[in-house]
Amino acid sequence: MKLATWNVNSLKVRLPHVLDWLATEQPDVLCLQETKQEDKAFPFAELEAAGYTAHHNGQKTYNGVALLGRIAATDVTRDIPDFDDPQKRIIAATYDGVRVICAYIPNGQEVGSEKYEYKLRWLAALQGWLQQEIQRYPRLALLGDYNIAPEDRDVHDPAAFKDQVLCSVPEREAFQKFIGMGLSDSFRQFEQAEKSYSWWDYRMMGFRRNAGLRIDHILLSPPLAATCSTCRIDKAPRKLERPSDHAPVVAELTLPPA
DNA sequence: ATGGCTTGAGTGTCAAGA
């Protein structure tokens with residue numbers, strides 16, 4: 001099973017890139033973040049024509065998450081249960097016995113800001129819900145834009161980002177809490193090139209300078225981590241005209257029958 | 001230098017991203 005995540009920064013703008021990428025990579029499930037559109041504008045038909053059935057949790061202008069699958073999804077759920085949140089950041093479904101959760105974790109804007117407090121509250125709510133989900137679904141994958149660079153090696157300039165948003169101690173502790181729940185950062189299960197990032201600022205020629213951060217992650221529960229054969233960041237779409245500022249992350253699992 | 005791009009809403013210019 002091939003799983004992927006990609007923050008597309010507007011699906012309306014990026015749909016051609018997504019369709020090309022699906023044709024090339026043929027993931028079983030692709031998680032999208034920042035679709036930035038309402039459900040009624042979502043390109044269900046174009047994706048179906050490409051062989052993918054989509055489920056969307058969208059809103060106007062901001063946020064919005066989707067699951068695209070070439071296998072059937074069951075038990076599709078939206079949002080964190082019992083967490084009052086107008087922002088559409090979660091969609092989950094079960095594919096072939098694997099619980100796939102697509103998350104767009106808040107950015108946090110600035111340490112100490114209201115949005116930062118919201119980010120930490122949101123992370124705590126996600127973790128509370130995740131405890132139950134892992135009990136219910138031992139085969140679980142949490143994919144998405146975490147807006148957290150877990151370690152200094154995930155940051156092009158650790159000194160400049162020290163204690164800044166995306167790199168602050170409370171955010172990194174929240175990431176480690178996922179690890180403490182038994183989830184594995186699949187990218188770090190394998191040897192990787194130094195200075196591997198998944199996001200580069202549009203400004204200041206960030207991509208050409210490789211001035212990036214690794215903030216998009218695929219976390220796997222123990223039974224899935226044990227069967228993960230590869231995890232990589234695909235920089236190719238970031239080189240196209242009008243790219244998303246994020247690159248897709250892909251993990252492959254060699255699953256025994258459920 | 002608190003900038004530097006990109007997007008959506010909407011038609012002037014701002015919020016938000018990371």
# chains A, B, ... in the order shown; residues from 1 in each chain; ligands from 1
>>> interface_residues(of="chain A", to="chain B", cutoff="8 Å", atoms="only C-alpha atoms (C1' of nucleotides)", output="count of residues only")
11
>>> atom_distance(atom1="atom CA of Pro138 of chain A", atom2="atom CA of His55 of chain A")
22.5 Å
>>> closest_residue(among="A:Leu255, A:Leu126, A:Leu183, A:Ala45", to="Asp96 of chain A", atoms="only C-alpha atoms")
A:Leu255
>>> residues_around(residues="Leu32 of chain A", least_positions_apart="4", cutoff="6 Å", atoms="only C-alpha atoms (C1' of nucleotides)", output="list in words")
Thr5, Trp6, Asn7, Val65 and Ala66 of chain A
>>> write_last_selection(atoms="N, CA and C atoms", output="short mmCIF file (atom, residue, chain, number, x, y, z; two decimals), in the first residue's frame")
data_model
loop_
_atom_site.label_atom_id
_atom_site.label_comp_id
_atom_site.auth_asym_id
_atom_site.auth_seq_id
_atom_site.Cartn_x
_atom_site.Cartn_y
_atom_site.Cartn_z
N THR A 5 1.04 12.22 1.32
CA THR A 5 0.44 13.45 1.81
C THR A 5 1.03 14.64 1.08
N TRP A 6 0.18 15.66 0.84
CA TRP A 6 0.63 16.83 0.09
C TRP A 6 -0.23 18.03 0.45
N ASN A 7 0.40 19.07 0.96
CA ASN A 7 -0.28 20.34 1.14
C ASN A 7 -0.20 21.07 -0.20
N VAL A 65 -9.36 19.71 3.83
CA VAL A 65 -8.57 18.48 3.70
C VAL A 65 -9.36 17.46 2.88
N ALA A 66 -8.63 16.57 2.20
CA ALA A 66 -9.29 15.58 1.36
C ALA A 66 -8.51 14.27 1.38
#
>>> atom_distance(atom1="atom CA of Glu171 of chain A", atom2="atom CA of Lys60 of chain A")
27.4 Å
>>> residues_around(residues="Trp200 of chain A", least_positions_apart="2", cutoff="10 Å", atoms="only C-alpha atoms (C1' of nucleotides)", output="ChimeraX atom specification")
/A:156,197-198,202-214,238,244-247 /B:18
>>> select_by_dssp(residues="segment 43-194 of chain A", states="helix (DSSP H, G or I)", output="PyMOL selection string")
chain A and resi 44-49+114-136+152-154+158-161+169-180+186-189
>>> atom_distance(atom1="atom CA of Lys195 of chain A", atom2="atom CA of Val155 of chain A")
7.6 Å
>>> residues_around(residues="Pro81 of chain A", least_positions_apart="3", cutoff="10 Å", atoms="only C-alpha atoms (C1' of nucleotides)", output="list in words")
Thr77, Arg78, Asp84, Asp85, Ala125, Leu126, Gly128 and Trp129 of chain A
>>> select_by_dssp(residues="segment 99-189 of chain A", states="strand (DSSP E or B)", output="number ranges by chain")
A: 99-104, 140-145, 155, 184-185
>>> write_last_selection(atoms="C-alpha atoms", output="CSV table (one decimal), in the first residue's frame")
chain,number,residue,atom,x,y,z
A,99,ARG,CA,-7.1,3.7,9.3
A,100,VAL,CA,-5.8,6.8,7.4
A,101,ILE,CA,-6.1,10.2,9.2
A,102,CYS,CA,-5.4,13.3,7.1
A,103,ALA,CA,-4.5,16.3,9.3
A,104,TYR,CA,-3.8,19.9,8.7
A,140,LEU,CA,-3.2,3.5,11.8
A,141,ALA,CA,-1.4,6.2,9.7
A,142,LEU,CA,-1.5,9.9,10.6
A,143,LEU,CA,-0.4,11.9,7.5
A,144,GLY,CA,-0.4,15.6,6.9
A,145,ASP,CA,1.1,19.0,7.4
A,155,VAL,CA,15.5,23.0,9.7
A,184,SER,CA,6.9,6.0,14.1
A,185,ASP,CA,8.2,8.9,11.9
>>> closest_residue(among="A:His217, A:Lys12, A:Arg89, A:Lys239", to="His56 of chain A", atoms="only C-alpha atoms")
A:Arg89
>>> residues_around(residues="Lys119 of chain A", least_positions_apart="6", cutoff="8 Å", atoms="only C-alpha atoms (C1' of nucleotides)", output="ChimeraX atom specification")
/A:105-108
>>> write_last_selection(atoms="C-alpha atoms", output="compact mmCIF listing (two decimals), in the first residue's frame")
# COMPACT_ATOMS: atom_id res chain seq x y z
CA ILE A 105 -2.31 21.03 11.99
CA PRO A 106 -2.57 24.78 12.63
CA ASN A 107 0.40 26.97 11.75
CA GLY A 108 0.50 28.90 15.03
